[in-house]
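The data block below is entry25.pdb; it holds PDB, C-alpha atoms and all ligand atoms.
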```
ATOM      1  CA  MET A 126     158.134  60.080  78.685  1.00  0.00           C
ATOM      2  CA  SER A 127     155.030  58.095  78.403  1.00  0.00           C
ATOM      3  CA  ASP A 128     152.961  61.250  78.932  1.00  0.00           C
ATOM      4  CA  ALA A 129     154.889  63.267  76.378  1.00  0.00           C
ATOM      5  CA  LYS A 130     151.931  62.998  74.115  1.00  0.00           C
ATOM      6  CA  SER A 131     149.344  63.998  76.683  1.00  0.00           C
ATOM      7  CA  SER A 132     151.362  67.013  77.812  1.00  0.00           C
ATOM      8  CA  PRO A 133     150.682  69.232  74.806  1.00  0.00           C
ATOM      9  CA  ALA A 134     147.051  68.175  74.909  1.00  0.00           C
ATOM     10  CA  GLY A 135     146.914  69.075  78.626  1.00  0.00           C
ATOM     11  CA  ALA A 136     148.568  72.406  77.981  1.00  0.00           C
ATOM     12  CA  LEU A 137     146.153  73.067  75.215  1.00  0.00           C
ATOM     13  CA  SER A 138     143.103  72.340  77.331  1.00  0.00           C
ATOM     14  CA  ALA A 139     144.509  74.399  80.223  1.00  0.00           C
ATOM     15  CA  PHE A 140     145.059  77.235  77.785  1.00  0.00           C
ATOM     16  CA  ASN A 141     141.539  76.813  76.478  1.00  0.00           C
ATOM     17  CA  LEU A 142     140.132  76.797  79.972  1.00  0.00           C
ATOM     18  CA  LYS A 143     141.945  80.016  80.779  1.00  0.00           C
ATOM     19  CA  ARG A 144     140.587  81.632  77.664  1.00  0.00           C
ATOM     20  CA  TRP A 145     137.069  80.564  78.572  1.00  0.00           C
ATOM     21  CA  LEU A 146     137.413  81.807  82.109  1.00  0.00           C
ATOM     22  CA  ILE A 147     138.662  85.196  80.955  1.00  0.00           C
ATOM     23  CA  LEU A 148     135.874  85.366  78.400  1.00  0.00           C
ATOM     24  CA  LEU A 149     133.244  84.487  81.002  1.00  0.00           C
ATOM     25  CA  ALA A 150     134.738  86.927  83.511  1.00  0.00           C
ATOM     26  CA  VAL A 151     134.186  89.668  80.956  1.00  0.00           C
ATOM     27  CA  VAL A 152     130.911  88.544  79.429  1.00  0.00           C
ATOM     28  CA  ILE A 153     128.905  87.601  82.537  1.00  0.00           C
ATOM     29  CA  PRO A 154     129.222  90.965  84.330  1.00  0.00           C
ATOM     30  CA  LEU A 155     128.443  92.621  81.024  1.00  0.00           C
ATOM     31  CA  ILE A 156     125.197  90.632  80.660  1.00  0.00           C
ATOM     32  CA  VAL A 157     124.221  91.224  84.275  1.00  0.00           C
ATOM     33  CA  THR A 158     124.850  94.953  83.959  1.00  0.00           C
ATOM     34  CA  THR A 159     122.843  95.134  80.749  1.00  0.00           C
ATOM     35  CA  LEU A 160     119.927  93.286  82.353  1.00  0.00           C
ATOM     36  CA  LEU A 161     119.991  95.590  85.362  1.00  0.00           C
ATOM     37  CA  VAL A 162     119.992  98.673  83.162  1.00  0.00           C
ATOM     38  CA  VAL A 163     117.080  97.309  81.126  1.00  0.00           C
ATOM     39  CA  LEU A 164     115.196  96.459  84.305  1.00  0.00           C
ATOM     40  CA  VAL A 165     115.670  99.915  85.791  1.00  0.00           C
ATOM     41  CA  LEU A 166     114.721 101.677  82.570  1.00  0.00           C
ATOM     42  CA  GLN A 167     111.647  99.542  82.049  1.00  0.00           C
ATOM     43  CA  LYS A 168     110.248  99.969  85.532  1.00  0.00           C
ATOM     44  CA  PRO A 169     110.257 103.611  86.359  1.00  0.00           C
ATOM     45  CA  PHE A 170     109.145 104.273  89.881  1.00  0.00           C
ATOM     46  CA  ALA A 171     105.588 102.964  90.033  1.00  0.00           C
ATOM     47  CA  PRO A 172     103.269 105.426  91.745  1.00  0.00           C
ATOM     48  CA  PRO A 173     101.992 104.142  95.098  1.00  0.00           C
ATOM     49  CA  VAL A 174      98.592 102.498  94.798  1.00  0.00           C
ATOM     50  CA  ASN A 175      95.968 104.420  96.709  1.00  0.00           C
ATOM     51  CA  VAL A 176      92.903 102.228  97.175  1.00  0.00           C
ATOM     52  CA  ALA A 177      90.654 104.975  98.497  1.00  0.00           C
ATOM     53  CA  GLU A 178      91.549 107.194  95.545  1.00  0.00           C
ATOM     54  CA  GLN A 179      90.823 104.352  93.110  1.00  0.00           C
ATOM     55  CA  GLU A 180      87.454 103.705  94.737  1.00  0.00           C
ATOM     56  CA  ARG A 181      86.600 107.373  94.554  1.00  0.00           C
ATOM     57  CA  ALA A 182      87.570 107.517  90.877  1.00  0.00           C
ATOM     58  CA  LEU A 183      85.471 104.420  90.208  1.00  0.00           C
ATOM     59  CA  ALA A 184      82.465 105.868  92.015  1.00  0.00           C
ATOM     60  CA  GLU A 185      82.886 109.055  89.991  1.00  0.00           C
ATOM     61  CA  ARG A 186      82.969 107.098  86.732  1.00  0.00           C
ATOM     62  CA  ILE A 187      79.852 105.061  87.504  1.00  0.00           C
ATOM     63  CA  GLN A 188      77.774 107.881  88.951  1.00  0.00           C
ATOM     64  CA  ARG A 189      74.485 108.480  87.236  1.00  0.00           C
ATOM     65  CA  VAL A 190      74.449 110.791  84.273  1.00  0.00           C
ATOM     66  CA  GLY A 191      72.711 114.039  85.044  1.00  0.00           C
ATOM     67  CA  THR A 192      73.518 114.470  88.728  1.00  0.00           C
ATOM     68  CA  VAL A 193      76.011 117.225  87.953  1.00  0.00           C
ATOM     69  CA  ALA A 194      73.555 119.051  85.721  1.00  0.00           C
ATOM     70  CA  LEU A 195      70.913 118.675  88.411  1.00  0.00           C
ATOM     71  CA  ARG A 196      73.207 120.181  90.983  1.00  0.00           C
ATOM     72  CA  GLU A 197      73.699 123.334  88.957  1.00  0.00           C
ATOM     73  CA  ALA A 198      69.996 123.915  88.466  1.00  0.00           C
ATOM     74  CA  THR A 199      67.847 125.453  91.118  1.00  0.00           C
ATOM     75  CA  ARG A 200      65.950 122.497  92.364  1.00  0.00           C
ATOM     76  CA  GLU A 201      64.178 121.266  95.386  1.00  0.00           C
ATOM     77  CA  LEU A 202      66.493 119.719  97.929  1.00  0.00           C
ATOM     78  CA  GLN A 203      66.157 115.983  98.245  1.00  0.00           C
ATOM     79  CA  THR A 204      65.124 114.452 101.501  1.00  0.00           C
ATOM     80  CA  GLY A 205      67.420 112.143 103.413  1.00  0.00           C
ATOM     81  CA  GLN A 206      65.426 109.179 102.254  1.00  0.00           C
ATOM     82  CA  GLN A 207      65.618 110.255  98.606  1.00  0.00           C
ATOM     83  CA  VAL A 208      69.365 110.730  98.799  1.00  0.00           C
ATOM     84  CA  TYR A 209      69.718 107.414 100.602  1.00  0.00           C
ATOM     85  CA  MET A 210      67.724 105.589  97.965  1.00  0.00           C
ATOM     86  CA  SER A 211      69.572 107.115  95.049  1.00  0.00           C
ATOM     87  CA  ALA A 212      73.128 107.077  96.369  1.00  0.00           C
ATOM     88  CA  CYS A 213      73.657 105.222  99.635  1.00  0.00           C
ATOM     89  CA  MET A 214      71.465 102.158  99.389  1.00  0.00           C
ATOM     90  CA  ALA A 215      73.749 100.527  96.833  1.00  0.00           C
ATOM     91  CA  CYS A 216      76.212  99.763  99.612  1.00  0.00           C
ATOM     92  CA  HIS A 217      74.362 100.279 102.886  1.00  0.00           C
ATOM     93  CA  ALA A 218      71.288  98.139 102.152  1.00  0.00           C
ATOM     94  CA  ALA A 219      73.231  94.892 101.899  1.00  0.00           C
ATOM     95  CA  GLY A 220      76.461  95.920 103.577  1.00  0.00           C
ATOM     96  CA  VAL A 221      78.543  95.868 100.415  1.00  0.00           C
ATOM     97  CA  VAL A 222      82.327  96.303 100.772  1.00  0.00           C
ATOM     98  CA  GLY A 223      82.057  96.412 104.565  1.00  0.00           C
ATOM     99  CA  ALA A 224      79.480  99.207 104.764  1.00  0.00           C
ATOM    100  CA  PRO A 225      77.488  99.189 108.030  1.00  0.00           C
ATOM    101  CA  LYS A 226      74.046  97.896 107.067  1.00  0.00           C
ATOM    102  CA  PHE A 227      70.867  99.943 107.165  1.00  0.00           C
ATOM    103  CA  GLY A 228      69.045  99.098 110.400  1.00  0.00           C
ATOM    104  CA  ASP A 229      71.929  97.092 111.870  1.00  0.00           C
ATOM    105  CA  THR A 230      71.951  98.778 115.265  1.00  0.00           C
ATOM    106  CA  ALA A 231      74.927  96.767 116.532  1.00  0.00           C
ATOM    107  CA  ALA A 232      77.077  97.826 113.588  1.00  0.00           C
ATOM    108  CA  TRP A 233      75.960 101.433 113.897  1.00  0.00           C
ATOM    109  CA  ALA A 234      76.143 101.886 117.685  1.00  0.00           C
ATOM    110  CA  PRO A 235      79.878 102.691 117.864  1.00  0.00           C
ATOM    111  CA  ARG A 236      79.649 104.948 114.816  1.00  0.00           C
ATOM    112  CA  ILE A 237      76.621 106.805 116.174  1.00  0.00           C
ATOM    113  CA  GLY A 238      78.482 107.089 119.472  1.00  0.00           C
ATOM    114  CA  ALA A 239      81.222 109.010 117.675  1.00  0.00           C
ATOM    115  CA  GLY A 240      78.735 111.807 117.014  1.00  0.00           C
ATOM    116  CA  LEU A 241      76.799 113.197 114.091  1.00  0.00           C
ATOM    117  CA  GLU A 242      79.514 115.637 113.011  1.00  0.00           C
ATOM    118  CA  ARG A 243      81.971 112.787 112.671  1.00  0.00           C
ATOM    119  CA  LEU A 244      79.519 110.762 110.547  1.00  0.00           C
ATOM    120  CA  ILE A 245      78.807 113.734 108.318  1.00  0.00           C
ATOM    121  CA  THR A 246      82.503 114.479 107.865  1.00  0.00           C
ATOM    122  CA  SER A 247      83.191 110.823 106.999  1.00  0.00           C
ATOM    123  CA  THR A 248      80.436 110.862 104.403  1.00  0.00           C
ATOM    124  CA  LEU A 249      81.365 114.206 102.884  1.00  0.00           C
ATOM    125  CA  GLN A 250      85.050 113.335 102.604  1.00  0.00           C
ATOM    126  CA  GLY A 251      84.726 109.591 102.101  1.00  0.00           C
ATOM    127  CA  LYS A 252      85.936 106.857 104.395  1.00  0.00           C
ATOM    128  CA  GLY A 253      87.436 103.470 103.617  1.00  0.00           C
ATOM    129  CA  ALA A 254      85.709 102.070 100.543  1.00  0.00           C
ATOM    130  CA  MET A 255      83.132 104.897 100.571  1.00  0.00           C
ATOM    131  CA  GLY A 256      83.951 107.738  98.212  1.00  0.00           C
ATOM    132  CA  ALA A 257      83.334 111.390  99.056  1.00  0.00           C
ATOM    133  CA  GLN A 258      79.575 111.962  99.350  1.00  0.00           C
ATOM    134  CA  GLY A 259      79.191 108.199  98.905  1.00  0.00           C
ATOM    135  CA  GLY A 260      80.064 108.837  95.261  1.00  0.00           C
ATOM    136  CA  GLY A 261      77.118 111.186  94.769  1.00  0.00           C
ATOM    137  CA  ALA A 262      76.933 114.862  93.906  1.00  0.00           C
ATOM    138  CA  PHE A 263      74.649 116.470  96.449  1.00  0.00           C
ATOM    139  CA  SER A 264      74.668 119.596  98.531  1.00  0.00           C
ATOM    140  CA  ASP A 265      76.261 119.184 101.942  1.00  0.00           C
ATOM    141  CA  PHE A 266      72.836 119.691 103.451  1.00  0.00           C
ATOM    142  CA  GLU A 267      71.393 116.783 101.514  1.00  0.00           C
ATOM    143  CA  ILE A 268      74.253 114.596 102.684  1.00  0.00           C
ATOM    144  CA  LYS A 269      73.529 115.646 106.270  1.00  0.00           C
ATOM    145  CA  ARG A 270      69.913 114.662 105.796  1.00  0.00           C
ATOM    146  CA  ALA A 271      70.909 111.294 104.352  1.00  0.00           C
ATOM    147  CA  VAL A 272      73.316 110.617 107.215  1.00  0.00           C
ATOM    148  CA  VAL A 273      70.631 111.463 109.765  1.00  0.00           C
ATOM    149  CA  TYR A 274      68.100 109.303 107.913  1.00  0.00           C
ATOM    150  CA  LEU A 275      70.501 106.364 107.761  1.00  0.00           C
ATOM    151  CA  ALA A 276      71.743 106.714 111.340  1.00  0.00           C
ATOM    152  CA  ASN A 277      68.270 107.182 112.811  1.00  0.00           C
ATOM    153  CA  ALA A 278      67.020 104.117 110.971  1.00  0.00           C
ATOM    154  CA  SER A 279      69.874 102.220 112.583  1.00  0.00           C
ATOM    155  CA  GLY A 280      69.433 103.125 116.239  1.00  0.00           C
ATOM    156  CA  GLY A 281      70.379 106.805 116.201  1.00  0.00           C
ATOM    157  CA  ASN A 282      68.260 109.683 117.452  1.00  0.00           C
ATOM    158  CA  PHE A 283      69.654 112.734 115.727  1.00  0.00           C
ATOM    159  CA  PRO A 284      67.478 115.792 115.075  1.00  0.00           C
ATOM    160  CA  GLU A 285      66.518 116.507 111.467  1.00  0.00           C
ATOM    161  CA  PRO A 286      69.093 119.023 110.188  1.00  0.00           C
ATOM    162  CA  LEU A 287      67.816 122.543 109.616  1.00  0.00           C
ATOM    163  CA  ALA A 288      67.549 123.780 106.058  1.00  0.00           C
ATOM    164  CA  PRO A 289      70.447 126.054 105.142  1.00  0.00           C
ATOM    165  CA  GLN A 290      69.756 129.728 104.503  1.00  0.00           C
ATOM    166  CA  ALA A 291      69.521 130.758 100.873  1.00  0.00           C
ATOM    167  CA  ALA A 292      72.817 132.612 101.220  1.00  0.00           C
ATOM    168  CA  ALA A 293      74.624 129.447 102.321  1.00  0.00           C
ATOM    169  CA  GLN A 294      73.732 127.569  99.182  1.00  0.00           C
TER     170      GLN A 294
HETATM  171  C1  LIG B   1      80.551 102.419  97.655  1.00  0.00           C
HETATM  172  C2  LIG B   1      79.729 101.991  98.751  1.00  0.00           C
HETATM  173  C3  LIG B   1      79.118 103.061  99.634  1.00  0.00           C
HETATM  174  C4  LIG B   1      78.226 104.043  99.272  1.00  0.00           C
HETATM  175  C5  LIG B   1      77.618 104.302  97.907  1.00  0.00           C
HETATM  176  C6  LIG B   1      77.942 104.768 100.485  1.00  0.00           C
HETATM  177  N1  LIG B   1      78.646 104.264 101.534  1.00  0.00           N
HETATM  178 FE1  LIG B   1      78.612 104.932 103.432  1.00  0.00          FE
HETATM  179  N2  LIG B   1      80.020 103.574 103.945  1.00  0.00           N
HETATM  180  C7  LIG B   1      80.552 102.631 103.105  1.00  0.00           C
HETATM  181  C8  LIG B   1      81.569 101.888 103.832  1.00  0.00           C
HETATM  182  C9  LIG B   1      82.397 100.740 103.281  1.00  0.00           C
HETATM  183  C10 LIG B   1      81.606 102.407 105.130  1.00  0.00           C
HETATM  184  C11 LIG B   1      82.524 101.993 106.262  1.00  0.00           C
HETATM  185  C12 LIG B   1      83.766 102.846 106.182  1.00  0.00           C
HETATM  186  C13 LIG B   1      84.767 102.532 107.251  1.00  0.00           C
HETATM  187  O1  LIG B   1      84.438 102.645 108.433  1.00  0.00           O
HETATM  188  O2  LIG B   1      85.892 102.209 106.872  1.00  0.00           O
HETATM  189  C14 LIG B   1      80.615 103.469 105.168  1.00  0.00           C
HETATM  190  C15 LIG B   1      80.360 104.219 106.292  1.00  0.00           C
HETATM  191  C16 LIG B   1      79.386 105.190 106.371  1.00  0.00           C
HETATM  192  C17 LIG B   1      79.075 105.966 107.540  1.00  0.00           C
HETATM  193  C18 LIG B   1      79.774 105.845 108.888  1.00  0.00           C
HETATM  194  C19 LIG B   1      80.984 106.725 108.878  1.00  0.00           C
HETATM  195  C20 LIG B   1      81.797 106.649 110.138  1.00  0.00           C
HETATM  196  O3  LIG B   1      82.518 107.634 110.423  1.00  0.00           O
HETATM  197  O4  LIG B   1      81.749 105.640 110.834  1.00  0.00           O
HETATM  198  C21 LIG B   1      78.060 106.811 107.221  1.00  0.00           C
HETATM  199  C22 LIG B   1      77.392 107.838 108.119  1.00  0.00           C
HETATM  200  C23 LIG B   1      77.752 106.586 105.833  1.00  0.00           C
HETATM  201  N3  LIG B   1      78.559 105.599 105.351  1.00  0.00           N
HETATM  202  C24 LIG B   1      76.772 107.252 105.149  1.00  0.00           C
HETATM  203  C25 LIG B   1      76.561 107.138 103.791  1.00  0.00           C
HETATM  204  C26 LIG B   1      75.635 107.964 103.046  1.00  0.00           C
HETATM  205  C27 LIG B   1      74.757 109.038 103.657  1.00  0.00           C
HETATM  206  C28 LIG B   1      75.732 107.573 101.761  1.00  0.00           C
HETATM  207  C29 LIG B   1      74.973 108.147 100.564  1.00  0.00           C
HETATM  208  C30 LIG B   1      75.108 109.560 100.341  1.00  0.00           C
HETATM  209  C31 LIG B   1      76.709 106.510 101.686  1.00  0.00           C
HETATM  210  N4  LIG B   1      77.190 106.266 102.937  1.00  0.00           N
HETATM  211  C32 LIG B   1      77.054 105.826 100.525  1.00  0.00           C
HETATM  212  C33 LIG B   1      80.238 102.422 101.781  1.00  0.00           C
HETATM  213  C34 LIG B   1      79.386 103.217 101.058  1.00  0.00           C
END
```
Could you render the structure from this file as structure tokens?
Amino acid sequence: MSDAKSSPAGALSAFNLKRWLILLAVVIPLIVTTLLVVLVLQKPFAPPVNVAEQERALAERIQRVGTVALREATRELQTGQQVYMSACMACHAAGVVGAPKFGDTAAWAPRIGAGLERLITSTLQGKGAMGAQGGGAFSDFEIKRAVVYLANASGGNFPEPLAPQAAAQ
């Protein structure tokens, strides 16, 4: 009976341990569930990030004031060089964001090989980091002129596009 004294103490601690275990078994899942609920509620389904769309929105935001007003007015159509200098040069002169550089025949050869229509479509609709119309607001004809100007300065030999009929504008 030497451990008669330790027995009640042992029983007590075993009882305590049981109480703790039951408490933890209830509390821990409760905390985990609460955290999960908070997490789900806080992070509603994030919309997928669309880089091209972001670039286009950025180009739209930084476009020069007045281009839209200009477009509405009856005005003389800009030449390919004018469009290039006002809207395309920003990227194509130095090859910003992976743009094929003006005059870089090696970079342009495969693109020119794909055909003028393809280049025009890419520019009108945007491609990669280039927004629709290169971020500008021109008539399709002006974009065609700019594409021809840019491509021909870079090894292409496309004919100057014909002016659209008045009805087409
Ligand atoms: C924001 C920068 C930027 C501006 C401004 C820009 N471009 Fe681009 N352009 C690019 C990039 C980047 C590419 C390469 C896209 C790719 O192949 O992924 C490209 C590609 C092109 C191509 C080749 C398309 C193809 O199918 O291979 C043409 C043509 C072109 N640009 C014409 C223009 C013209 C014309 C303008 C002005 C109206 C213009 N770009 C303005 C960035 C720009």
How close does each residue of chain A get to ligand LIG 1 (chain B), giving the shortest atom pair and distance in Å to one decimal for every residue with an atom at most 9 Å away, counting only C-alpha atoms and all ligand atoms, sorted by chain and residue number, as a tab-separated table?
```
residue	atom	partner	partner_atom	distance
A:Glu180	CA	B:LIG1	C1	7.6
A:Arg181	CA	B:LIG1	C1	8.4
A:Ala184	CA	B:LIG1	C1	6.9
A:Gly205	CA	B:LIG1	C27	8.0
A:Val208	CA	B:LIG1	C30	6.1
A:Tyr209	CA	B:LIG1	C29	5.3
A:Met210	CA	B:LIG1	C29	8.1
A:Ser211	CA	B:LIG1	C29	7.8
A:Ala212	CA	B:LIG1	C29	4.7
A:Cys213	CA	B:LIG1	C29	3.3
A:Met214	CA	B:LIG1	C5	6.7
A:Ala215	CA	B:LIG1	C5	5.5
A:Cys216	CA	B:LIG1	C2	4.3
A:His217	CA	B:LIG1	N1	6.0
A:Gly220	CA	B:LIG1	C9	7.7
A:Val221	CA	B:LIG1	C2	6.5
A:Val222	CA	B:LIG1	C9	5.1
A:Gly223	CA	B:LIG1	C9	4.5
A:Ala224	CA	B:LIG1	C8	3.5
A:Pro225	CA	B:LIG1	C10	6.0
A:Lys226	CA	B:LIG1	N2	8.8
A:Trp233	CA	B:LIG1	C18	7.7
A:Pro235	CA	B:LIG1	O4	7.8
A:Arg236	CA	B:LIG1	O4	4.6
A:Ile237	CA	B:LIG1	O4	7.5
A:Ala239	CA	B:LIG1	O3	7.5
A:Gly240	CA	B:LIG1	O3	8.7
A:Leu241	CA	B:LIG1	C22	8.0
A:Glu242	CA	B:LIG1	O3	8.9
A:Arg243	CA	B:LIG1	O3	5.6
A:Leu244	CA	B:LIG1	O3	4.3
A:Ile245	CA	B:LIG1	C22	6.1
A:Thr246	CA	B:LIG1	O3	7.3
A:Ser247	CA	B:LIG1	O3	4.7
A:Thr248	CA	B:LIG1	C24	5.2
A:Leu249	CA	B:LIG1	C30	8.2
A:Gly251	CA	B:LIG1	FE1	7.8
A:Lys252	CA	B:LIG1	C12	4.9
A:Gly253	CA	B:LIG1	O2	3.8
A:Ala254	CA	B:LIG1	C9	4.5
A:Met255	CA	B:LIG1	C33	4.0
A:Gly256	CA	B:LIG1	C1	6.3
A:Ala257	CA	B:LIG1	C32	8.5
A:Gln258	CA	B:LIG1	C30	5.2
A:Gly259	CA	B:LIG1	C32	3.6
A:Gly260	CA	B:LIG1	C5	5.8
A:Gly261	CA	B:LIG1	C30	6.1
A:Ala262	CA	B:LIG1	C30	8.5
A:Phe263	CA	B:LIG1	C30	7.9
A:Glu267	CA	B:LIG1	C30	8.2
A:Ile268	CA	B:LIG1	C30	5.6
A:Lys269	CA	B:LIG1	C27	7.2
A:Arg270	CA	B:LIG1	C27	7.7
A:Ala271	CA	B:LIG1	C27	4.5
A:Val272	CA	B:LIG1	C27	4.2
A:Val273	CA	B:LIG1	C27	7.8
A:Tyr274	CA	B:LIG1	C27	7.9
A:Leu275	CA	B:LIG1	C27	6.5
A:Ala276	CA	B:LIG1	C22	6.6
```
With distances taken over all atoms listed in the file, which residue among A:Asn141, A:Ser264, A:Thr159, A:Asn175 lies nearest A:Pro289? A:Ser264
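Between atom CA of A:Glu178 and atom CA of A:Gln250 there is a distance of 11.4 Å.
Take atom CA of A:Gly281 and atom CA of A:Gly228: the distance between them is 9.7 Å.
Here atom CA of A:Ala288 stands at a distance of 15.2 Å from atom CA of A:Gln206.
If you measure from each of A:Val165, A:Val152, A:Asn277, A:Pro286 to A:Phe227 using only C-alpha atoms, the closest one turns out to be A:Asn277.
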